[in-house]
$ cat model_13.csv   # CSV, C-alpha atoms
chain,number,residue,atom,x,y,z
A,1,MET,CA,4.4,18.1,13.8
A,2,ILE,CA,6.1,15.5,11.7
A,3,LYS,CA,2.9,13.4,11.8
A,4,ASN,CA,0.9,16.3,10.4
A,5,LEU,CA,3.5,17.0,7.7
A,6,TYR,CA,3.5,13.3,6.8
A,7,LYS,CA,-0.3,13.2,6.4
A,8,ARG,CA,-0.3,16.4,4.3
A,9,ASP,CA,2.5,15.2,2.1
A,10,LEU,CA,1.0,11.7,1.7
A,11,ASP,CA,-2.4,13.1,0.8
A,12,ARG,CA,-0.9,15.5,-1.8
A,13,MET,CA,1.3,12.8,-3.4
A,14,THR,CA,-1.7,10.4,-3.8
A,15,LYS,CA,-4.3,12.9,-4.7
A,16,THR,CA,-4.6,11.5,-8.3
A,17,LEU,CA,-2.5,8.4,-7.8
A,18,ARG,CA,-5.1,6.7,-5.7
A,19,TRP,CA,-7.5,6.6,-8.7
A,20,PHE,CA,-4.8,4.8,-10.7
A,21,PHE,CA,-4.6,2.3,-7.9
A,22,LEU,CA,-8.4,1.6,-8.0
A,23,ILE,CA,-8.4,1.4,-11.8
A,24,ALA,CA,-5.5,-1.0,-11.9
A,25,ILE,CA,-7.0,-3.3,-9.3
A,26,ALA,CA,-10.5,-3.1,-10.9
A,27,VAL,CA,-9.3,-3.9,-14.4
A,28,ALA,CA,-7.2,-6.7,-13.1
A,29,VAL,CA,-10.2,-8.3,-11.2
A,30,VAL,CA,-12.4,-8.0,-14.4
A,31,THR,CA,-9.6,-9.5,-16.4
A,32,LYS,CA,-9.3,-12.4,-14.0
A,33,LEU,CA,-13.1,-13.0,-14.1
A,34,ILE,CA,-13.1,-13.0,-17.9
A,35,LYS,CA,-10.2,-15.4,-18.1
A,36,LEU,CA,-12.3,-18.0,-16.1
A,37,GLY,CA,-14.2,-18.5,-19.4
A,38,ASP,CA,-11.2,-18.3,-21.8
A,39,SER,CA,-12.0,-21.8,-23.2
A,40,ILE,CA,-14.5,-19.9,-25.4
A,41,GLN,CA,-12.7,-18.2,-28.3
A,42,VAL,CA,-14.6,-14.9,-28.1
A,43,ILE,CA,-14.1,-14.7,-24.3
A,44,SER,CA,-10.4,-15.5,-24.7
A,45,ILE,CA,-10.0,-12.6,-27.1
A,46,ILE,CA,-11.8,-10.2,-24.8
A,47,GLY,CA,-9.6,-11.5,-21.9
A,48,ALA,CA,-6.5,-10.7,-24.0
A,49,VAL,CA,-7.7,-7.2,-24.6
A,50,PHE,CA,-8.4,-6.6,-20.9
A,51,ALA,CA,-5.0,-8.1,-20.0
A,52,GLY,CA,-3.4,-5.5,-22.2
A,53,ILE,CA,-5.5,-2.8,-20.5
A,54,THR,CA,-4.3,-4.1,-17.1
A,55,TYR,CA,-0.6,-4.0,-18.2
A,56,SER,CA,-1.2,-0.4,-19.3
A,57,ALA,CA,-2.9,0.4,-16.0
A,58,VAL,CA,0.1,-1.1,-14.1
A,59,ALA,CA,2.5,1.0,-16.3
A,60,ASN,CA,0.5,4.1,-15.5
A,61,VAL,CA,0.7,3.4,-11.8
A,62,LEU,CA,4.5,3.1,-12.0
A,63,ILE,CA,4.9,6.2,-14.2
A,64,ASN,CA,2.5,8.3,-12.1
A,65,THR,CA,4.1,7.2,-8.9
A,66,PHE,CA,7.4,8.7,-9.9
A,67,THR,CA,5.8,11.7,-11.6
A,68,ASN,CA,3.6,12.6,-8.6
A,69,ILE,CA,6.4,12.1,-6.0
A,70,LEU,CA,9.0,14.1,-7.9
A,71,THR,CA,6.6,16.8,-9.1
A,72,TYR,CA,5.3,17.4,-5.5
A,73,PHE,CA,8.8,17.3,-4.0
A,74,ASN,CA,10.1,19.9,-6.5
A,75,GLY,CA,6.9,22.1,-6.3
A,76,ASN,CA,6.6,22.0,-2.6
A,77,PHE,CA,10.2,23.0,-2.0
A,78,TYR,CA,11.1,25.2,-5.1
A,79,LYS,CA,7.9,26.5,-6.8
A,80,ASP,CA,5.2,29.0,-5.7
A,81,GLU,CA,4.0,27.0,-2.7
A,82,SER,CA,7.6,26.8,-1.4
A,83,TYR,CA,7.1,30.2,0.2
A,84,LEU,CA,4.5,28.7,2.5
A,85,THR,CA,6.5,25.5,3.0
A,86,HIS,CA,9.7,27.3,4.2
A,87,THR,CA,7.8,29.5,6.6
A,88,LEU,CA,6.2,26.7,8.5
A,89,PRO,CA,7.4,26.4,12.2
A,90,VAL,CA,9.4,23.2,11.5
A,91,THR,CA,13.0,22.3,10.8
A,92,LYS,CA,14.5,21.4,7.5
A,93,LYS,CA,15.1,17.9,8.9
A,94,GLN,CA,11.3,17.5,9.6
A,95,LEU,CA,10.5,18.8,6.1
A,96,ILE,CA,12.8,16.4,4.3
A,97,LEU,CA,12.0,13.4,6.6
A,98,SER,CA,8.3,13.9,5.9
A,99,LYS,CA,9.0,13.7,2.1
A,100,TYR,CA,11.0,10.5,2.6
A,101,LEU,CA,8.4,8.8,4.7
A,102,SER,CA,5.6,9.8,2.3
A,103,ALA,CA,7.6,8.7,-0.8
A,104,ILE,CA,8.4,5.3,0.8
A,105,THR,CA,4.7,4.8,1.7
A,106,VAL,CA,3.5,5.7,-1.7
A,107,ILE,CA,6.1,3.5,-3.5
A,108,ILE,CA,5.3,0.5,-1.3
A,109,CYS,CA,1.6,0.9,-1.9
A,110,SER,CA,2.2,1.3,-5.6
A,111,PHE,CA,4.4,-1.8,-5.7
A,112,ILE,CA,1.7,-3.8,-3.9
A,113,VAL,CA,-0.9,-2.6,-6.3
A,114,MET,CA,1.3,-3.5,-9.3
A,115,LEU,CA,2.2,-6.9,-8.0
A,116,LEU,CA,-1.4,-7.8,-7.1
A,117,SER,CA,-2.7,-6.6,-10.5
A,118,LEU,CA,-0.1,-8.7,-12.3
A,119,PHE,CA,-0.7,-11.7,-10.1
A,120,LEU,CA,-4.4,-11.6,-10.8
A,121,VAL,CA,-3.8,-11.5,-14.6
A,122,LEU,CA,-0.8,-13.8,-14.9
A,123,TYR,CA,-1.0,-16.4,-12.2
A,124,SER,CA,-1.2,-20.0,-13.4
A,125,LYS,CA,0.5,-23.3,-12.7
A,126,GLU,CA,1.8,-23.2,-16.3
A,127,LEU,CA,3.5,-19.9,-15.7
A,128,PHE,CA,5.2,-21.1,-12.6
A,129,MET,CA,6.4,-24.2,-14.4
A,130,ALA,CA,7.8,-22.0,-17.2
A,131,ILE,CA,9.6,-19.8,-14.7
A,132,LYS,CA,11.0,-22.9,-12.9
A,133,LEU,CA,12.2,-24.4,-16.2
A,134,GLY,CA,13.7,-21.1,-17.3
A,135,LEU,CA,15.6,-20.8,-14.0
A,136,SER,CA,16.9,-24.4,-14.4
A,137,MET,CA,18.3,-23.5,-17.8
A,138,VAL,CA,20.4,-20.5,-16.6
A,139,VAL,CA,21.1,-21.5,-13.0
A,140,THR,CA,22.3,-25.0,-12.1
A,141,GLY,CA,21.5,-26.6,-8.8
A,142,LEU,CA,19.2,-23.8,-7.6
A,143,ASN,CA,17.0,-25.2,-4.8
A,144,MET,CA,14.5,-22.4,-4.6
A,145,SER,CA,10.8,-22.2,-5.1
A,146,VAL,CA,9.3,-20.0,-7.8
A,147,GLY,CA,7.6,-18.0,-5.0
A,148,GLY,CA,10.9,-17.4,-3.3
A,149,PHE,CA,12.6,-16.3,-6.5
A,150,ILE,CA,9.8,-13.9,-7.3
A,151,THR,CA,9.9,-12.5,-3.7
A,152,ILE,CA,13.7,-11.9,-4.0
A,153,ILE,CA,13.4,-10.2,-7.4
A,154,ALA,CA,10.4,-8.1,-6.2
A,155,THR,CA,12.4,-7.0,-3.1
A,156,ILE,CA,15.4,-6.0,-5.3
A,157,LEU,CA,13.1,-4.0,-7.6
A,158,LEU,CA,11.5,-2.2,-4.7
A,159,MET,CA,14.8,-1.3,-3.3
A,160,GLN,CA,16.0,-0.1,-6.7
A,161,ILE,CA,12.9,2.1,-7.0
A,162,LEU,CA,13.6,3.6,-3.6
A,163,MET,CA,17.2,4.2,-4.6
A,164,LEU,CA,16.2,6.0,-7.8
A,165,THR,CA,13.7,8.1,-5.9
A,166,PHE,CA,16.2,9.4,-3.4
A,167,MET,CA,18.7,9.8,-6.1
A,168,ALA,CA,16.2,12.0,-8.0
A,169,PHE,CA,15.5,14.0,-4.8
A,170,SER,CA,19.2,14.7,-4.5
A,171,ALA,CA,19.4,15.7,-8.2
A,172,ILE,CA,16.4,18.1,-7.7
A,173,VAL,CA,18.0,19.7,-4.7
A,174,LYS,CA,21.4,19.9,-6.5
A,175,GLY,CA,19.9,21.3,-9.7
A,176,ASN,CA,18.0,24.0,-7.8
A,177,SER,CA,21.2,25.2,-6.1
A,178,TYR,CA,22.1,26.9,-9.4
A,179,ASN,CA,20.8,30.2,-10.6
A,180,ALA,CA,19.9,29.1,-14.2
A,181,LYS,CA,18.8,26.0,-16.1
A,182,LYS,CA,17.9,24.3,-12.9
A,183,GLY,CA,15.8,21.5,-14.4
A,184,LEU,CA,18.5,20.6,-17.0
A,185,LYS,CA,21.2,20.6,-14.4
A,186,GLY,CA,19.1,18.4,-12.2
A,187,VAL,CA,18.6,15.9,-15.0
A,188,LEU,CA,22.4,15.9,-15.7
A,189,TRP,CA,23.2,15.4,-12.0
A,190,PHE,CA,20.7,12.5,-11.9
A,191,ILE,CA,22.4,10.8,-14.9
A,192,ALA,CA,25.8,11.3,-13.2
A,193,TYR,CA,24.5,9.9,-9.9
A,194,TYR,CA,23.0,6.9,-11.7
A,195,MET,CA,26.0,6.2,-13.9
A,196,GLY,CA,28.3,6.4,-10.8
A,197,ALA,CA,26.1,4.0,-8.9
A,198,MET,CA,26.0,1.5,-11.7
A,199,LEU,CA,29.8,1.7,-12.1
A,200,LEU,CA,30.3,1.1,-8.4
A,201,THR,CA,27.8,-1.8,-8.6
A,202,LEU,CA,29.8,-3.4,-11.4
A,203,ILE,CA,33.1,-3.0,-9.6
A,204,ALA,CA,31.6,-4.5,-6.4
A,205,ALA,CA,30.1,-7.4,-8.3
A,206,VAL,CA,33.5,-8.2,-9.9
A,207,ILE,CA,35.2,-8.0,-6.5
A,208,VAL,CA,32.7,-10.2,-4.8
A,209,PHE,CA,32.9,-12.8,-7.6
A,210,ALA,CA,36.7,-12.7,-7.6
A,211,ILE,CA,36.8,-13.3,-3.8
A,212,SER,CA,34.4,-16.2,-4.2
A,213,GLY,CA,36.5,-17.6,-7.1
A,214,ASN,CA,33.6,-17.5,-9.6
A,215,ILE,CA,34.6,-14.4,-11.6
A,216,ALA,CA,34.4,-16.4,-14.8
A,217,GLU,CA,30.6,-16.7,-14.3
A,218,ILE,CA,29.9,-13.0,-14.6
A,219,GLY,CA,29.4,-13.2,-18.3
A,220,ALA,CA,28.5,-16.9,-18.5
A,221,SER,CA,25.1,-18.0,-20.0
A,222,VAL,CA,24.8,-20.6,-17.2
A,223,MET,CA,25.5,-19.8,-13.6
A,224,LYS,CA,25.9,-21.9,-10.4
A,225,ALA,CA,23.3,-21.5,-7.7
A,226,SER,CA,25.8,-20.2,-5.3
A,227,SER,CA,26.9,-17.5,-7.7
A,228,PHE,CA,23.3,-16.5,-8.5
A,229,ILE,CA,22.5,-16.1,-4.8
A,230,THR,CA,25.7,-14.1,-4.3
A,231,LEU,CA,24.6,-11.9,-7.2
A,232,MET,CA,21.1,-11.3,-5.8
A,233,ILE,CA,22.5,-10.5,-2.3
A,234,THR,CA,25.1,-8.2,-3.7
A,235,ALA,CA,22.4,-6.3,-5.7
A,236,LEU,CA,20.1,-6.0,-2.7
A,237,VAL,CA,22.8,-4.8,-0.3
A,238,LEU,CA,24.1,-2.3,-2.8
A,239,ASP,CA,20.7,-0.9,-3.7
A,240,MET,CA,19.9,-0.5,0.0
A,241,ALA,CA,23.3,1.1,0.6
A,242,PHE,CA,22.8,3.6,-2.3
A,243,ALA,CA,19.2,4.4,-1.1
A,244,ILE,CA,20.5,5.2,2.4
A,245,TYR,CA,23.5,7.2,1.0
A,246,TYR,CA,21.4,9.4,-1.3
A,247,ALA,CA,18.8,10.0,1.4
A,248,ILE,CA,21.6,11.3,3.7
A,249,PHE,CA,23.3,13.1,0.8
A,250,CYS,CA,20.0,14.8,-0.2
A,251,TYR,CA,19.4,16.0,3.4
A,252,LYS,CA,22.9,17.5,3.6
A,253,LEU,CA,22.4,19.4,0.3
A,254,PHE,CA,18.9,20.6,1.5
A,255,LYS,CA,20.3,21.7,4.9
A,256,LYS,CA,22.7,24.1,3.1
A,257,GLY,CA,19.8,26.2,2.1
A,258,VAL,CA,17.1,26.6,-0.6
A,259,ASN,CA,17.3,28.9,-3.6
A,260,VAL,CA,13.7,29.8,-4.5
A,261,ASP,CA,13.0,32.0,-7.5

$ encode --input "model_13.csv" --output "structure tokens"
Amino acid sequence: MIKNLYKRDLDRMTKTLRWFFLIAIAVAVVTKLIKLGDSIQVISIIGAVFAGITYSAVANVLINTFTNILTYFNGNFYKDESYLTHTLPVTKKQLILSKYLSAITVIICSFIVMLLSLFLVLYSKELFMAIKLGLSMVVTGLNMSVGGFITIIATILLMQILMLTFMAFSAIVKGNSYNAKKGLKGVLWFIAYYMGAMLLTLIAAVIVFAISGNIAEIGASVMKASSFITLMITALVLDMAFAIYYAIFCYKLFKKGVNVD
């Protein structure tokens, strides 16, 4: 049954989003082809315009990913269609697990589309050299390729997006546990969850840097390679921990019952 739920949820979450995927990739490919002739001034101007369109398309993918996932989650569990959802011959665990799996799939697909679109438009040896030079100015002794650095940053961003999604799920469930002003209270709970996570992240970073003897580098303009790697690992581990915590927390809230108008 979970397989059928997953397919249904995935299809509903991507009903319009899939078109944003196609648009972003298509515009990025066109932009890349135009940029092949950017030695000509007119072509260069057209390429710049299409690059701007690509960035807009990527932004739309990001915004609509969050919007579609959260709107569907809230609507499927707490709006008109919730009466059908909660009468299905499945457990609450299966319902929430399907939403998790679908959201993770959609987010990963969106992330791949965004990265691919940006890569097509931005990739150049000059850009990689600029990134490498910029890294050398803020991190001393870092023996890491630009590709490796981008991979680490992309992984951290992906994990942060998952964390925020599960955090938002928890806020939606918590907000709908009230009898009035459910949306507002959901937003307030999300802000509270986020601020709490950021505070714990800051405290954890200070503790880790204090243990490693590099606490003075937290606010420094130039950081050692070891401190930079420590910071990246800390951020990744904490984001992953928060994502898991809020997934479990959301399920526990959801298991208590659903208050449908």

$ residues_around --input "model_13.csv" --residues "A:Ala205" --least-positions-apart "2" --cutoff "9 Å" --atoms "only C-alpha atoms" --output "PDB file with C-alpha atoms, in the frame of the given file"
ATOM      1  CA  LEU A 200      30.300   1.100  -8.400  1.00  0.00           C
ATOM      2  CA  THR A 201      27.800  -1.800  -8.600  1.00  0.00           C
ATOM      3  CA  LEU A 202      29.800  -3.400 -11.400  1.00  0.00           C
ATOM      4  CA  ILE A 203      33.100  -3.000  -9.600  1.00  0.00           C
ATOM      5  CA  ILE A 207      35.200  -8.000  -6.500  1.00  0.00           C
ATOM      6  CA  VAL A 208      32.700 -10.200  -4.800  1.00  0.00           C
ATOM      7  CA  PHE A 209      32.900 -12.800  -7.600  1.00  0.00           C
ATOM      8  CA  ALA A 210      36.700 -12.700  -7.600  1.00  0.00           C
ATOM      9  CA  ILE A 215      34.600 -14.400 -11.600  1.00  0.00           C
ATOM     10  CA  ILE A 218      29.900 -13.000 -14.600  1.00  0.00           C
ATOM     11  CA  THR A 230      25.700 -14.100  -4.300  1.00  0.00           C
ATOM     12  CA  LEU A 231      24.600 -11.900  -7.200  1.00  0.00           C
ATOM     13  CA  THR A 234      25.100  -8.200  -3.700  1.00  0.00           C
ATOM     14  CA  ALA A 235      22.400  -6.300  -5.700  1.00  0.00           C
TER      15      ALA A 235
END

$ closest_atom_pairs --input "model_13.csv" --of "stretch 66-96 of chain A" --to "stretch 11-18 of chain A" --cutoff "10 Å" --atoms "only C-alpha atoms" --output "Markdown table"
| residue | atom | partner | partner_atom | distance |
| --- | --- | --- | --- | --- |
| A:Phe66 | CA | A:Met13 | CA | 9.8 |
| A:Thr67 | CA | A:Met13 | CA | 9.4 |
| A:Asn68 | CA | A:Met13 | CA | 5.7 |
| A:Ile69 | CA | A:Met13 | CA | 5.8 |
| A:Leu70 | CA | A:Met13 | CA | 9.0 |
| A:Thr71 | CA | A:Met13 | CA | 8.8 |
| A:Tyr72 | CA | A:Met13 | CA | 6.4 |
| A:Phe73 | CA | A:Met13 | CA | 8.8 |
| A:Asn76 | CA | A:Arg12 | CA | 10.0 |

$ atom_distance --input "model_13.csv" --atom1 "atom CA of A:Val121" --atom2 "atom CA of A:Thr31"
6.4 Å

$ closest_residue --input "model_13.csv" --among "A:Ala171, A:Val90, A:Ile107, A:Ile63" --to "A:Tyr193" --atoms "all atoms listed in the file"
A:Ala171

$ residues_around --input "model_13.csv" --residues "A:Ser102" --least-positions-apart "2" --cutoff "9 Å" --atoms "only C-alpha atoms" --output "list in words"
Tyr6, Lys7, Asp9, Leu10, Asp11, Met13, Ile69, Leu97, Ser98, Lys99, Tyr100, Ile104, Thr105, Val106 and Ile107 of chain A

$ closest_residue --input "model_13.csv" --among "A:Ile152, A:Ile45, A:Leu184, A:Phe242" --to "A:Gly196" --atoms "only C-alpha atoms"
A:Phe242

$ axis_aligned_box --input "model_13.csv" --around "stretch 103-120 of chain A" --padding-each-side "4 Å" --output "lines of an AutoDock Vina configuration file"
center_x = 2.0
center_y = -1.5
center_z = -5.3
size_x = 20.8
size_y = 28.4
size_z = 22.0

$ residues_near_point --input "model_13.csv" --point "(19.3, 8.1, 2.1)" --cutoff "10 Å" --atoms "only C-alpha atoms" --output "list in words"
Tyr100, Leu162, Met163, Thr165, Phe166, Met167, Phe169, Ser170, Met240, Ala241, Phe242, Ala243, Ile244, Tyr245, Tyr246, Ala247, Ile248, Phe249, Cys250 and Tyr251 of chain A

$ closest_atom_pairs --input "model_13.csv" --of "stretch 10-90 of chain A" --to "stretch 111-120 of chain A" --cutoff "8 Å" --atoms "all atoms listed in the file" --output "CSV"
residue,atom,partner,partner_atom,distance
A:Phe21,CA,A:Val113,CA,6.3
A:Ala24,CA,A:Ser117,CA,6.4
A:Ile25,CA,A:Ser117,CA,5.6
A:Ala28,CA,A:Ser117,CA,5.2
A:Val29,CA,A:Leu120,CA,6.7
A:Thr31,CA,A:Leu120,CA,7.9
A:Lys32,CA,A:Leu120,CA,5.9
A:Thr54,CA,A:Ser117,CA,7.2
A:Tyr55,CA,A:Leu118,CA,7.6
A:Val58,CA,A:Met114,CA,5.5
A:Val61,CA,A:Met114,CA,7.4
A:Leu62,CA,A:Met114,CA,7.8

$ closest_residue --input "model_13.csv" --among "A:Thr155, A:Asn4, A:Ser226, A:Asn60" --to "A:Leu95" --atoms "only C-alpha atoms"
A:Asn4

$ decode --input "model_13.csv" --residues "stretch 15-29 of chain A" --atoms "N, CA and C atoms" --output "PDB file, in the first residue's frame"
ATOM      1  N   LYS A  15       2.701  17.670 -10.130  1.00  0.00           N
ATOM      2  CA  LYS A  15       1.723  17.876 -11.205  1.00  0.00           C
ATOM      3  C   LYS A  15       2.065  19.104 -12.042  1.00  0.00           C
ATOM      4  N   THR A  16       2.407  20.203 -11.388  1.00  0.00           N
ATOM      5  CA  THR A  16       2.820  21.416 -12.116  1.00  0.00           C
ATOM      6  C   THR A  16       4.337  21.598 -12.084  1.00  0.00           C
ATOM      7  N   LEU A  17       4.972  21.049 -11.062  1.00  0.00           N
ATOM      8  CA  LEU A  17       6.412  21.252 -10.895  1.00  0.00           C
ATOM      9  C   LEU A  17       7.221  20.665 -12.036  1.00  0.00           C
ATOM     10  N   ARG A  18       6.751  19.565 -12.592  1.00  0.00           N
ATOM     11  CA  ARG A  18       7.496  18.922 -13.686  1.00  0.00           C
ATOM     12  C   ARG A  18       7.668  19.857 -14.885  1.00  0.00           C
ATOM     13  N   TRP A  19       6.673  20.755 -15.078  1.00  0.00           N
ATOM     14  CA  TRP A  19       6.786  21.720 -16.168  1.00  0.00           C
ATOM     15  C   TRP A  19       7.858  22.766 -15.881  1.00  0.00           C
ATOM     16  N   PHE A  20       8.004  23.138 -14.619  1.00  0.00           N
ATOM     17  CA  PHE A  20       9.068  24.055 -14.236  1.00  0.00           C
ATOM     18  C   PHE A  20      10.436  23.403 -14.441  1.00  0.00           C
ATOM     19  N   PHE A  21      10.509  22.094 -14.212  1.00  0.00           N
ATOM     20  CA  PHE A  21      11.753  21.360 -14.474  1.00  0.00           C
ATOM     21  C   PHE A  21      12.122  21.475 -15.949  1.00  0.00           C
ATOM     22  N   LEU A  22      11.160  21.163 -16.806  1.00  0.00           N
ATOM     23  CA  LEU A  22      11.408  21.172 -18.251  1.00  0.00           C
ATOM     24  C   LEU A  22      11.787  22.567 -18.738  1.00  0.00           C
ATOM     25  N   ILE A  23      11.101  23.575 -18.212  1.00  0.00           N
ATOM     26  CA  ILE A  23      11.387  24.959 -18.623  1.00  0.00           C
ATOM     27  C   ILE A  23      12.792  25.359 -18.212  1.00  0.00           C
ATOM     28  N   ALA A  24      13.179  25.045 -16.972  1.00  0.00           N
ATOM     29  CA  ALA A  24      14.500  25.420 -16.479  1.00  0.00           C
ATOM     30  C   ALA A  24      15.607  24.776 -17.310  1.00  0.00           C
ATOM     31  N   ILE A  25      15.474  23.482 -17.581  1.00  0.00           N
ATOM     32  CA  ILE A  25      16.489  22.776 -18.369  1.00  0.00           C
ATOM     33  C   ILE A  25      16.520  23.297 -19.800  1.00  0.00           C
ATOM     34  N   ALA A  26      15.345  23.495 -20.394  1.00  0.00           N
ATOM     35  CA  ALA A  26      15.271  23.956 -21.782  1.00  0.00           C
ATOM     36  C   ALA A  26      15.902  25.335 -21.943  1.00  0.00           C
ATOM     37  N   VAL A  27      15.575  26.252 -21.038  1.00  0.00           N
ATOM     38  CA  VAL A  27      16.129  27.606 -21.111  1.00  0.00           C
ATOM     39  C   VAL A  27      17.642  27.576 -20.880  1.00  0.00           C
ATOM     40  N   ALA A  28      18.085  26.722 -19.967  1.00  0.00           N
ATOM     41  CA  ALA A  28      19.516  26.608 -19.694  1.00  0.00           C
ATOM     42  C   ALA A  28      20.275  26.093 -20.915  1.00  0.00           C
ATOM     43  N   VAL A  29      19.695  25.108 -21.619  1.00  0.00           N
ATOM     44  CA  VAL A  29      20.326  24.562 -22.823  1.00  0.00           C
ATOM     45  C   VAL A  29      20.400  25.635 -23.909  1.00  0.00           C
TER      46      VAL A  29
END
